[in-house]
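Visitor: I have a structure here, written as structure tokens, and I will follow up with some questions on it.
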Amino acid sequence: MNSYTLLQTVLRNTPEPAGAAVQPPFVEVDELAKHYFLSRSFSIKSVDGVSFAIRQGEVLGLVGESGCGKSTIARLLTRQTSPTGGEVKIAGQAITDVDGEDLKRLRRTVQLVFQDPFGALDPRMRIGTSMEAPLAQHHIGTREERRDKVMRMLAEVGLDESFYERYPRQCSGGQLQRVVIGRALLLEPRFLICDEPTSALDASMRTQILNLLTDLKRRHGLTMLMISHDLRVVRHICDRIAVMYLGRIVEVADRDALFKTPRHPYTRALIAASMLDRTGLYAPEIQLRGDLPSPLNPPRGCRFHTRCAHAQAKCAQAEPKFEAASESHQVRCHFWRDLQPDRPAQAGSP
Amino acid sequence: MNKTNEPLLVIEDLKVAFPGQPTPVIDGLSLTLDRGEVLALVGESGSGKSMTALSLMRLLPAGGAIAGGRIRFDGEDVLSLPDRQMNRLRGGRMAMLFQQPQAMLDPTARVGTQIAEPLRLHRGLVRRAAMGRVLELLRDVGIPDPAVRARCFSHELSGGMAQRVMMAAALSGDPDMLIADEPTTALDVTVQAQILRLIDEERRKRNLATLLITHDLAVVAALADRVAVMYAGRIVEEGPAKAVLQAPQHPYTRALMRCSLLVPDPSGQLLSIPGSGTHARDLTCGCRFHPRCSAAAEHGLAGRCMRSEPTLKPDPDGHVTRCWAVEAEKETAA
């Protein structure tokens with residue numbers, strides 16, 4: 001073996017340089033904005049300059065109070081509404097101005113599961129028919145093949161064949177949410193958005209659905225965006241969590257980092273409000289007074305300063321930048337460095 | 001006012017049935033509730049907990065009828081009261097909070113007018129006096145700028161704000177008993193804690209008997225004195241909140257507790273109760289929970305649980321449980 005062939009062999013067996021191996025994120029959201037104009041000069045800034053990325057196979061949690069714009073983001077990512085600014089790329093393709101066949105293809109790639117399964121299914125349609133509808137819409141398979149697919153999917157989401165013939169009123173909320181999740185997966189999406197998938201369900205159903213989602217994600221290699229107001233819910237299923245306040249993301253971090261060292265006062269308040277004490281009983285602590293201010297007229301400076309326990313004069317004047325607290329942890333607060341580390345989030349941790 | 005020593009509210013062996021359904025939706029329910037006490041009624045949807053609340057107010061949906069039992073409120077038999085007197089009781093001495101405050105408010109009337117309505121009806125106050133009282137009530141329930149808010153319509157309020165308004169309306173009749181049916185389920189976590197605290201403050205201030213209905217066991221820990229767990233129309237466990245929450249006995253309560261906590265097991269799975277309780281009421285014999293129960297098999301009692309239904313057996317400390325396995329355990333311990 002001469003030196004040249006040796007070199008060739010070595011080159012062939014060497015992994016590619018690290019730079020080339022880094023895939024672009026599966027979902028890239030850049031300075032996304034949605035302003036609803038009420039008049040020429042007056043608008044609701046529902047989503048106002050939001051950027052985040054989701055890697056292939058990753059689950060990102062999006063958490064915030066109602067009115068903070070999290071559902072608008074779901075609508076923007078599925079192109080049910082068009083943004084007034086910024087850009088979204090899914091699987092490398094910009095989706096902000098696709099239409100026609102491309103839009104239809106996008107809708108196959110991205111599927112959405114809503115909060116209320118009763119509202120998501122036609123009460124006069126049998127469940128089988130409801131589940132087949134999107135397949136027919138996309139001209140997938142013959143009638144028999146579609147029926148087969150639906151039957152297999154029913155089994156996969158843990159329902160028996162009798163559900164095919166049932167009407168929604170004959171099922172419980174948890175069973176219907178399984179149907180809705182199954183219907184979303186029938187189109188073999190690569191990106192699944194769940195908007196409060198368990199909020200309308202009982203405690204016992206909630207855990208079943210969360211387990212099902214975790215399971216399906218693993219089996220189908222799904223990339224997911226999980227929207228909820230309850231940190232307890234996103235905690236199990238998400239790899240990373242973004243916290244939203246009045247149209248802006250105020251903190252993003254890996255799940256464990258977010259719970260262990262929350263940097264933003266709002267994140268801390270959310271954790272305190274939703275958490276359990278050491279014996280596992282609900283022991284919420286009220287760090288937040290009042291409601292979310294109106295997005296019609298968001299506070300100047302840091303949007304959170306009106307409800308923040310640590311606010312200082314500067315907070316009312318200048319909006320903080322999004323700063324990196326660590327490599328994978330960003331926070332939008334002037335004083336995050338000065339905040340004392342909280343007592344560790346007790347929080348029913350395993 | 002109270003002639004005897006009995007609690008403010010006494011429910012005895014209540015049965016509620018709907019025509020066309022083989023078994024009653026509430027089957028032999030007995031509960032008591034005293035002034036200043038918070039009783040949490042916990043269960044999944046379909047367990048009959050909301051129906052219990054509605055029967056107390058005699059507001060069962062069409063078709064539903066009380067098929068047996070007694071309800072006494074402050075010594076009076078609620079079920080035999082003439083309609084006129086019942087109307088005086090509703091919104092007067094008995095008040096109710098609902099899951100979706102926005103849906104309960106009239107979208108076409110100003111919030112203040114709606115809170116004033118019971119005052120004018122029950123108290124005979126004239127408009128001006130009623131509005132004065134409305135502002136006081138709004139301030140009591142923690143609404144900033146009551147004068148401005150009283151002129152709002154319901155769509156101008158956030159969920160938390162609307163629930164506070166409902167609370168003000170509930171308190172306007174100066175009630176003795178407050179029924180709160182999932183008062184925080186539709187709200188953000190941040191607001192949930194605020195509303196729970198508000199309910200707690202008001203019941204202390206006014207010595208309100210409070211019936212708190214919820215599916216989330218964890219939530220009741222913040223508030224309840226006693227807890228009753230319902231499954232498929234029956235109470236399966238009842239006792240002091242501390243005892244039920246820290247040492248739940250019935251397998252259903254235990255499972256529900258684990259679900260509420262959302263804590264995964266070592267394999268990363270969340271613990272859940274298999275199946276659903278939708279059709280448990282239609283079981284013809286045996287314990288209604290046995291198809292979903294793990295204790296039945298563990299104790300080698302599966303046959304017994306399938307054949308006959310256990311009764312509520314009390315502990316010395318007033319903790320009652322309806323379960324063969326628990327009974328068997330106690331016998332071996334004794």
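By order of appearance in the structure tokens: chains A, B, ..., then residues from 1 within every chain, and ligands from 1 in the order shown.
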For chain B against chain A, which residues fall within 10 Å using only C-alpha atoms, given as an MDAnalysis selection string?
Guide: chainID B and resid 43:46 142:144 157:161 185:194 196:197 214:223 245:246 255:266 268:279
Visitor: Quick one: write out the picked residues with C-alpha atoms as a CSV table (one decimal), in the first residue's frame?
Guide:
```
chain,number,residue,atom,x,y,z
B,43,GLY,CA,-63.2,13.2,40.8
B,44,GLU,CA,-62.9,12.8,37.1
B,45,SER,CA,-65.3,14.3,34.6
B,46,GLY,CA,-68.4,12.1,34.6
B,142,GLY,CA,-59.3,42.7,44.8
B,143,ILE,CA,-60.3,44.5,41.7
B,144,PRO,CA,-58.4,47.7,41.1
B,157,LEU,CA,-62.0,41.4,31.4
B,158,SER,CA,-59.3,38.8,31.7
B,159,GLY,CA,-60.2,35.3,32.9
B,160,GLY,CA,-58.9,36.0,36.4
B,161,MET,CA,-60.7,39.3,36.6
B,185,THR,CA,-59.5,25.1,35.9
B,186,ALA,CA,-59.8,27.5,33.0
B,187,LEU,CA,-57.3,30.0,34.4
B,188,ASP,CA,-53.6,30.5,34.0
B,189,VAL,CA,-51.4,28.9,36.7
B,190,THR,CA,-50.3,32.4,37.8
B,191,VAL,CA,-54.0,33.4,38.4
B,192,GLN,CA,-55.1,30.1,39.8
B,193,ALA,CA,-53.2,30.7,43.0
B,194,GLN,CA,-54.7,34.2,43.3
B,196,LEU,CA,-57.7,30.1,45.5
B,197,ARG,CA,-56.3,32.6,48.0
B,214,THR,CA,-62.2,19.9,41.2
B,215,HIS,CA,-60.5,17.1,39.3
B,216,ASP,CA,-57.0,18.1,40.5
B,217,LEU,CA,-56.2,16.6,43.9
B,218,ALA,CA,-53.1,18.7,44.2
B,219,VAL,CA,-55.1,21.9,44.0
B,220,VAL,CA,-57.3,21.1,47.0
B,221,ALA,CA,-54.3,20.9,49.3
B,222,ALA,CA,-54.1,24.6,49.4
B,223,LEU,CA,-57.6,25.0,50.7
B,245,LEU,CA,-53.8,13.7,50.8
B,246,GLN,CA,-50.9,12.4,52.8
B,255,ALA,CA,-53.6,6.8,41.5
B,256,LEU,CA,-55.3,10.2,41.2
B,257,MET,CA,-52.7,11.6,43.6
B,258,ARG,CA,-49.9,10.3,41.4
B,259,CYS,CA,-51.5,11.8,38.3
B,260,SER,CA,-51.9,15.2,39.9
B,261,LEU,CA,-48.3,15.4,40.8
B,262,LEU,CA,-47.0,14.8,37.3
B,263,VAL,CA,-43.9,13.1,38.6
B,264,PRO,CA,-42.3,10.5,36.4
B,265,ASP,CA,-41.1,7.1,37.5
B,266,PRO,CA,-37.5,6.1,36.9
B,268,GLY,CA,-39.4,8.5,32.6
B,269,GLN,CA,-43.0,7.5,32.2
B,270,LEU,CA,-45.7,9.4,34.1
B,271,LEU,CA,-47.9,7.3,36.2
B,272,SER,CA,-51.4,7.2,35.0
B,273,ILE,CA,-54.6,5.3,35.5
B,274,PRO,CA,-55.3,2.9,32.6
B,275,GLY,CA,-58.6,3.2,30.7
B,276,SER,CA,-61.3,5.7,31.5
B,277,GLY,CA,-64.2,5.8,34.0
B,278,THR,CA,-66.8,6.7,31.4
B,279,HIS,CA,-68.8,3.5,31.6
```
Visitor: Run DSSP on the backbone and grab whatever in range 125-237 of chain B lands in strand (DSSP E); send it over as a PyMOL selection string.
Guide: chain B and resi 177-181+209-214+226-231+234-237
Visitor: Need to verify the contact set: Lys70 in chain A, 12 Å, only C-alpha atoms, exclusion of same-chain residues closer than 4 positions in sequence. Can you return it as a ChimeraX atom specification?
Guide: /A:33-34,46-48,50,61-66,74-77,193-196,225-229,242-249
Visitor: Mind writing the picked residues with N, CA and C atoms as a CSV table (one decimal), in the first residue's frame?
Guide:
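Final output, again_28.csv:
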```csv
chain,number,residue,atom,x,y,z
A,33,ALA,N,-43.0,38.5,13.7
A,33,ALA,CA,-43.9,39.5,14.3
A,33,ALA,C,-45.3,39.4,13.7
A,34,LYS,N,-46.3,39.6,14.5
A,34,LYS,CA,-47.6,39.6,14.1
A,34,LYS,C,-48.3,40.8,14.8
A,46,SER,N,-49.1,41.3,19.0
A,46,SER,CA,-49.4,40.0,19.6
A,46,SER,C,-48.1,39.2,19.7
A,47,VAL,N,-47.3,39.2,18.6
A,47,VAL,CA,-46.0,38.6,18.6
A,47,VAL,C,-45.1,39.7,18.1
A,48,ASP,N,-44.0,39.9,18.8
A,48,ASP,CA,-43.2,41.1,18.5
A,48,ASP,C,-41.7,40.8,18.5
A,50,VAL,N,-39.9,37.7,17.7
A,50,VAL,CA,-39.6,36.5,18.4
A,50,VAL,C,-38.6,35.6,17.5
A,61,GLY,N,-40.6,23.7,24.5
A,61,GLY,CA,-41.8,24.1,25.2
A,61,GLY,C,-41.9,25.6,25.1
A,62,LEU,N,-43.1,26.1,24.9
A,62,LEU,CA,-43.3,27.5,24.8
A,62,LEU,C,-44.4,27.8,25.9
A,63,VAL,N,-43.9,28.6,26.9
A,63,VAL,CA,-44.7,28.8,28.1
A,63,VAL,C,-45.0,30.3,28.3
A,64,GLY,N,-46.2,30.6,28.8
A,64,GLY,CA,-46.6,31.9,29.1
A,64,GLY,C,-48.1,32.0,29.5
A,65,GLU,N,-48.5,33.2,30.0
A,65,GLU,CA,-49.9,33.3,30.4
A,65,GLU,C,-50.8,33.6,29.1
A,66,SER,N,-52.1,33.4,29.3
A,66,SER,CA,-52.9,33.7,28.1
A,66,SER,C,-52.8,35.1,27.7
A,74,ALA,N,-48.3,29.5,17.1
A,74,ALA,CA,-48.8,28.2,16.5
A,74,ALA,C,-49.5,28.5,15.2
A,75,ARG,N,-50.3,29.6,15.1
A,75,ARG,CA,-51.0,29.9,13.9
A,75,ARG,C,-50.1,30.4,12.8
A,76,LEU,N,-49.0,31.1,13.2
A,76,LEU,CA,-48.1,31.6,12.2
A,76,LEU,C,-47.3,30.4,11.6
A,77,LEU,N,-46.9,29.5,12.5
A,77,LEU,CA,-46.0,28.4,12.0
A,77,LEU,C,-46.8,27.5,11.1
A,193,ILE,N,-47.1,20.5,16.3
A,193,ILE,CA,-47.3,21.6,17.3
A,193,ILE,C,-48.5,21.2,18.1
A,194,CYS,N,-48.3,21.2,19.5
A,194,CYS,CA,-49.4,20.9,20.4
A,194,CYS,C,-49.7,22.2,21.2
A,195,ASP,N,-50.9,22.7,21.0
A,195,ASP,CA,-51.3,23.9,21.7
A,195,ASP,C,-52.2,23.5,22.9
A,196,GLU,N,-51.6,23.5,24.1
A,196,GLU,CA,-52.3,23.2,25.3
A,196,GLU,C,-53.0,21.8,25.2
A,225,LEU,N,-43.3,21.3,19.0
A,225,LEU,CA,-43.4,22.6,19.7
A,225,LEU,C,-44.6,22.4,20.7
A,226,MET,N,-44.3,22.5,22.0
A,226,MET,CA,-45.4,22.2,23.0
A,226,MET,C,-45.7,23.5,23.7
A,227,ILE,N,-47.0,23.9,23.5
A,227,ILE,CA,-47.4,25.2,24.0
A,227,ILE,C,-48.2,24.9,25.3
A,228,SER,N,-48.0,25.6,26.4
A,228,SER,CA,-48.8,25.4,27.6
A,228,SER,C,-48.6,26.6,28.5
A,229,HIS,N,-49.5,26.8,29.4
A,229,HIS,CA,-49.3,27.8,30.4
A,229,HIS,C,-48.8,27.2,31.7
A,242,ALA,N,-38.9,27.8,26.2
A,242,ALA,CA,-38.9,29.2,26.0
A,242,ALA,C,-40.0,29.8,26.8
A,243,VAL,N,-39.7,30.9,27.5
A,243,VAL,CA,-40.8,31.6,28.3
A,243,VAL,C,-41.1,32.9,27.6
A,244,MET,N,-42.4,33.1,27.4
A,244,MET,CA,-42.9,34.2,26.6
A,244,MET,C,-43.6,35.2,27.5
A,245,TYR,N,-43.4,36.5,27.3
A,245,TYR,CA,-44.2,37.5,28.0
A,245,TYR,C,-44.6,38.6,27.1
A,246,LEU,N,-45.8,38.9,26.9
A,246,LEU,CA,-46.3,40.0,26.1
A,246,LEU,C,-45.6,40.1,24.7
A,247,GLY,N,-45.7,39.0,24.0
A,247,GLY,CA,-45.2,39.0,22.6
A,247,GLY,C,-43.7,38.8,22.5
A,248,ARG,N,-43.0,38.7,23.6
A,248,ARG,CA,-41.5,38.5,23.5
A,248,ARG,C,-41.1,37.3,24.2
A,249,ILE,N,-40.0,36.7,23.8
A,249,ILE,CA,-39.4,35.6,24.6
A,249,ILE,C,-38.5,36.3,25.6
```
Visitor: Excluding Pro197 in chain A and residues on its chain fewer than 5 positions from it, collect all residues at most 7 Å away from it, counting only C-alpha atoms, and give them as a PyMOL selection string.
Guide: chain A and resi 113-115
Visitor: Run DSSP on the backbone and give me the residues of range 26-223 of chain B it puts in alpha helix (DSSP H), as a VMD selection string.
Guide: chain B and resid 49 to 56 83 to 89 101 to 104 111 to 123 127 to 140 146 to 150 159 to 172 189 to 206 217 to 220
Visitor: Give me a file of those residues, with C-alpha atoms, as a PDB file, in the first residue's frame.
Guide:
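Now in part.pdb:
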```pdb
ATOM      1  CA  LYS B  49     -69.392  15.930  41.174  1.00  0.00           C
ATOM      2  CA  SER B  50     -70.922  18.784  39.182  1.00  0.00           C
ATOM      3  CA  MET B  51     -74.302  17.057  39.285  1.00  0.00           C
ATOM      4  CA  THR B  52     -74.021  17.062  43.065  1.00  0.00           C
ATOM      5  CA  ALA B  53     -73.530  20.823  43.016  1.00  0.00           C
ATOM      6  CA  LEU B  54     -76.431  21.336  40.648  1.00  0.00           C
ATOM      7  CA  SER B  55     -78.774  19.199  42.722  1.00  0.00           C
ATOM      8  CA  LEU B  56     -77.965  21.316  45.770  1.00  0.00           C
ATOM      9  CA  ASP B  83     -90.021  27.362  43.918  1.00  0.00           C
ATOM     10  CA  ARG B  84     -90.394  30.900  45.230  1.00  0.00           C
ATOM     11  CA  GLN B  85     -88.483  30.143  48.382  1.00  0.00           C
ATOM     12  CA  MET B  86     -85.905  28.179  46.428  1.00  0.00           C
ATOM     13  CA  ASN B  87     -85.338  31.234  44.252  1.00  0.00           C
ATOM     14  CA  ARG B  88     -84.718  33.280  47.345  1.00  0.00           C
ATOM     15  CA  LEU B  89     -82.133  30.738  48.481  1.00  0.00           C
ATOM     16  CA  PRO B 101     -66.600  32.864  34.358  1.00  0.00           C
ATOM     17  CA  GLN B 102     -66.702  34.569  30.954  1.00  0.00           C
ATOM     18  CA  ALA B 103     -69.471  32.250  29.786  1.00  0.00           C
ATOM     19  CA  MET B 104     -71.513  32.887  32.906  1.00  0.00           C
ATOM     20  CA  VAL B 111     -70.502  43.935  34.932  1.00  0.00           C
ATOM     21  CA  GLY B 112     -71.689  46.287  37.689  1.00  0.00           C
ATOM     22  CA  THR B 113     -75.317  45.924  36.671  1.00  0.00           C
ATOM     23  CA  GLN B 114     -75.002  42.160  36.836  1.00  0.00           C
ATOM     24  CA  ILE B 115     -73.540  42.190  40.317  1.00  0.00           C
ATOM     25  CA  ALA B 116     -76.259  44.619  41.398  1.00  0.00           C
ATOM     26  CA  GLU B 117     -79.013  42.319  40.199  1.00  0.00           C
ATOM     27  CA  PRO B 118     -79.028  39.950  43.185  1.00  0.00           C
ATOM     28  CA  LEU B 119     -78.772  42.959  45.495  1.00  0.00           C
ATOM     29  CA  ARG B 120     -81.899  44.482  44.014  1.00  0.00           C
ATOM     30  CA  LEU B 121     -83.720  41.166  43.858  1.00  0.00           C
ATOM     31  CA  HIS B 122     -82.798  39.712  47.218  1.00  0.00           C
ATOM     32  CA  ARG B 123     -82.163  42.836  49.230  1.00  0.00           C
ATOM     33  CA  ARG B 127     -80.243  51.310  41.961  1.00  0.00           C
ATOM     34  CA  ARG B 128     -77.990  53.863  43.598  1.00  0.00           C
ATOM     35  CA  ALA B 129     -77.592  51.992  46.879  1.00  0.00           C
ATOM     36  CA  ALA B 130     -76.979  48.781  44.965  1.00  0.00           C
ATOM     37  CA  MET B 131     -74.205  50.359  42.889  1.00  0.00           C
ATOM     38  CA  GLY B 132     -72.531  51.658  46.024  1.00  0.00           C
ATOM     39  CA  ARG B 133     -72.530  48.147  47.423  1.00  0.00           C
ATOM     40  CA  VAL B 134     -71.228  46.771  44.107  1.00  0.00           C
ATOM     41  CA  LEU B 135     -68.180  49.017  44.307  1.00  0.00           C
ATOM     42  CA  GLU B 136     -67.508  47.822  47.851  1.00  0.00           C
ATOM     43  CA  LEU B 137     -67.770  44.208  46.737  1.00  0.00           C
ATOM     44  CA  LEU B 138     -65.450  44.733  43.789  1.00  0.00           C
ATOM     45  CA  ARG B 139     -62.917  46.310  46.101  1.00  0.00           C
ATOM     46  CA  ASP B 140     -63.288  43.360  48.489  1.00  0.00           C
ATOM     47  CA  PRO B 146     -63.765  49.314  40.861  1.00  0.00           C
ATOM     48  CA  ALA B 147     -65.635  52.306  39.449  1.00  0.00           C
ATOM     49  CA  VAL B 148     -64.040  51.791  36.035  1.00  0.00           C
ATOM     50  CA  ARG B 149     -64.379  48.019  36.080  1.00  0.00           C
ATOM     51  CA  ALA B 150     -68.036  48.149  37.057  1.00  0.00           C
ATOM     52  CA  GLY B 159     -60.194  35.319  32.942  1.00  0.00           C
ATOM     53  CA  GLY B 160     -58.890  36.012  36.422  1.00  0.00           C
ATOM     54  CA  MET B 161     -60.673  39.350  36.564  1.00  0.00           C
ATOM     55  CA  ALA B 162     -63.933  37.749  35.399  1.00  0.00           C
ATOM     56  CA  GLN B 163     -63.667  35.105  38.118  1.00  0.00           C
ATOM     57  CA  ARG B 164     -63.220  37.884  40.683  1.00  0.00           C
ATOM     58  CA  VAL B 165     -66.330  39.564  39.309  1.00  0.00           C
ATOM     59  CA  MET B 166     -68.213  36.263  39.655  1.00  0.00           C
ATOM     60  CA  MET B 167     -66.984  36.090  43.213  1.00  0.00           C
ATOM     61  CA  ALA B 168     -68.314  39.595  43.882  1.00  0.00           C
ATOM     62  CA  ALA B 169     -71.678  38.579  42.421  1.00  0.00           C
ATOM     63  CA  ALA B 170     -71.687  35.427  44.524  1.00  0.00           C
ATOM     64  CA  LEU B 171     -70.936  37.400  47.676  1.00  0.00           C
ATOM     65  CA  SER B 172     -73.532  40.083  46.947  1.00  0.00           C
ATOM     66  CA  VAL B 189     -51.436  28.914  36.729  1.00  0.00           C
ATOM     67  CA  THR B 190     -50.342  32.354  37.840  1.00  0.00           C
ATOM     68  CA  VAL B 191     -53.953  33.406  38.368  1.00  0.00           C
ATOM     69  CA  GLN B 192     -55.101  30.082  39.844  1.00  0.00           C
ATOM     70  CA  ALA B 193     -53.195  30.671  43.042  1.00  0.00           C
ATOM     71  CA  GLN B 194     -54.656  34.173  43.349  1.00  0.00           C
ATOM     72  CA  ILE B 195     -58.235  32.919  42.994  1.00  0.00           C
ATOM     73  CA  LEU B 196     -57.690  30.086  45.482  1.00  0.00           C
ATOM     74  CA  ARG B 197     -56.344  32.585  47.963  1.00  0.00           C
ATOM     75  CA  LEU B 198     -59.324  34.867  47.372  1.00  0.00           C
ATOM     76  CA  ILE B 199     -61.763  32.046  48.079  1.00  0.00           C
ATOM     77  CA  ASP B 200     -59.844  31.191  51.227  1.00  0.00           C
ATOM     78  CA  GLU B 201     -59.841  34.797  52.472  1.00  0.00           C
ATOM     79  CA  GLU B 202     -63.540  35.268  51.888  1.00  0.00           C
ATOM     80  CA  ARG B 203     -64.556  32.077  53.611  1.00  0.00           C
ATOM     81  CA  ARG B 204     -62.512  33.016  56.663  1.00  0.00           C
ATOM     82  CA  LYS B 205     -63.902  36.545  56.704  1.00  0.00           C
ATOM     83  CA  ARG B 206     -67.511  35.459  56.234  1.00  0.00           C
ATOM     84  CA  LEU B 217     -56.222  16.649  43.896  1.00  0.00           C
ATOM     85  CA  ALA B 218     -53.115  18.735  44.197  1.00  0.00           C
ATOM     86  CA  VAL B 219     -55.115  21.943  44.009  1.00  0.00           C
ATOM     87  CA  VAL B 220     -57.312  21.144  47.003  1.00  0.00           C
TER      88      VAL B 220
END
```
Visitor: Just the residues within 9 Å of Leu14 in chain B, please, counting only C-alpha atoms, with nothing from its chain fewer than 3 positions along; format it as a PDB file with N, CA and C atoms, in the first residue's frame.
Guide:
```pdb
ATOM      1  N   ILE B  11     -76.458  16.222  53.304  1.00  0.00           N
ATOM      2  CA  ILE B  11     -76.971  15.454  52.180  1.00  0.00           C
ATOM      3  C   ILE B  11     -77.045  14.005  52.640  1.00  0.00           C
ATOM      4  N   ILE B  26     -75.766   9.863  40.334  1.00  0.00           N
ATOM      5  CA  ILE B  26     -75.296   9.962  41.716  1.00  0.00           C
ATOM      6  C   ILE B  26     -76.040   8.892  42.488  1.00  0.00           C
ATOM      7  N   ASP B  27     -75.294   8.102  43.203  1.00  0.00           N
ATOM      8  CA  ASP B  27     -75.892   6.899  43.764  1.00  0.00           C
ATOM      9  C   ASP B  27     -75.592   6.808  45.255  1.00  0.00           C
ATOM     10  N   GLY B  28     -76.558   7.232  46.057  1.00  0.00           N
ATOM     11  CA  GLY B  28     -76.411   7.082  47.506  1.00  0.00           C
ATOM     12  C   GLY B  28     -75.309   7.931  48.093  1.00  0.00           C
ATOM     13  N   LEU B  29     -75.353   9.239  47.785  1.00  0.00           N
ATOM     14  CA  LEU B  29     -74.295  10.116  48.263  1.00  0.00           C
ATOM     15  C   LEU B  29     -74.701  10.796  49.568  1.00  0.00           C
ATOM     16  N   SER B  30     -73.848  10.706  50.569  1.00  0.00           N
ATOM     17  CA  SER B  30     -74.102  11.398  51.831  1.00  0.00           C
ATOM     18  C   SER B  30     -72.908  12.266  52.182  1.00  0.00           C
ATOM     19  N   THR B  52     -73.764  16.866  41.643  1.00  0.00           N
ATOM     20  CA  THR B  52     -74.021  17.062  43.065  1.00  0.00           C
ATOM     21  C   THR B  52     -74.263  18.540  43.349  1.00  0.00           C
ATOM     22  N   ILE B  66     -84.102  14.189  40.884  1.00  0.00           N
ATOM     23  CA  ILE B  66     -83.635  13.616  42.132  1.00  0.00           C
ATOM     24  C   ILE B  66     -84.542  12.448  42.473  1.00  0.00           C
ATOM     25  N   ALA B  67     -83.950  11.271  42.495  1.00  0.00           N
ATOM     26  CA  ALA B  67     -84.758  10.058  42.618  1.00  0.00           C
ATOM     27  C   ALA B  67     -84.846   9.575  44.051  1.00  0.00           C
ATOM     28  N   GLY B  68     -84.113  10.191  44.944  1.00  0.00           N
ATOM     29  CA  GLY B  68     -84.192   9.748  46.319  1.00  0.00           C
ATOM     30  C   GLY B  68     -83.241  10.528  47.197  1.00  0.00           C
ATOM     31  N   GLY B  69     -83.406  10.411  48.475  1.00  0.00           N
ATOM     32  CA  GLY B  69     -82.508  11.061  49.406  1.00  0.00           C
ATOM     33  C   GLY B  69     -83.033  12.406  49.886  1.00  0.00           C
ATOM     34  N   ARG B  70     -82.275  13.038  50.745  1.00  0.00           N
ATOM     35  CA  ARG B  70     -82.682  14.311  51.330  1.00  0.00           C
ATOM     36  C   ARG B  70     -81.530  15.286  51.284  1.00  0.00           C
ATOM     37  N   ILE B  71     -81.857  16.580  51.104  1.00  0.00           N
ATOM     38  CA  ILE B  71     -80.859  17.630  51.251  1.00  0.00           C
ATOM     39  C   ILE B  71     -81.413  18.636  52.246  1.00  0.00           C
TER      40      ILE B  71
END
```
Visitor: Please identify all polymer residues within 12 Å of range 297-302 of chain B, counting only C-alpha atoms, omitting same-chain residues fewer than 5 positions from it, and present them as a PyMOL selection string.
Guide: chain B and resi 251+286-287+289-292+307-310+323-329+332
Visitor: Can you tell me which residues surround range 104-111 of chain A at a distance of at most 8 Å, considering only C-alpha atoms, apart from same-chain residues fewer than 3 positions away, and format the answer as a PDB file with C-alpha atoms, in the first residue's frame?
Guide:
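Written file, part.pdb:
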```pdb
ATOM      1  CA  THR A  78     -48.947  26.609  10.339  1.00  0.00           C
ATOM      2  CA  ILE A  95     -42.787  29.379   4.649  1.00  0.00           C
ATOM      3  CA  ASP A  99     -48.837  29.266  -1.590  1.00  0.00           C
ATOM      4  CA  GLY A 100     -50.682  26.784  -3.773  1.00  0.00           C
ATOM      5  CA  GLU A 101     -49.165  23.293  -3.908  1.00  0.00           C
ATOM      6  CA  ALA A 184     -52.499  14.694  12.994  1.00  0.00           C
ATOM      7  CA  LEU A 185     -49.979  11.853  12.652  1.00  0.00           C
ATOM      8  CA  LEU A 187     -50.209  12.630   7.325  1.00  0.00           C
ATOM      9  CA  GLU A 188     -46.799  11.629   8.608  1.00  0.00           C
ATOM     10  CA  PRO A 189     -45.773  15.132   9.619  1.00  0.00           C
ATOM     11  CA  ARG A 190     -42.219  15.894  10.618  1.00  0.00           C
ATOM     12  CA  PHE A 191     -43.177  18.757  12.889  1.00  0.00           C
ATOM     13  CA  LEU A 192     -46.008  18.545  15.427  1.00  0.00           C
ATOM     14  CA  ILE A 193     -47.328  21.590  17.262  1.00  0.00           C
TER      15      ILE A 193
END
```
Visitor: Work out how far CA of Glu161 in chain A is from CA of Arg143 in chain A, in Å to one decimal.
Guide: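 CA of Glu161 in chain A lies at a distance of 16.9 Å from CA of Arg143 in chain A.
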Visitor: What does the distance between CA of Cys293 in chain B and CA of Gln21 in chain B come to in Å, to one decimal place?
Guide: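 That distance, rounded to one decimal, is 24.5 Å.
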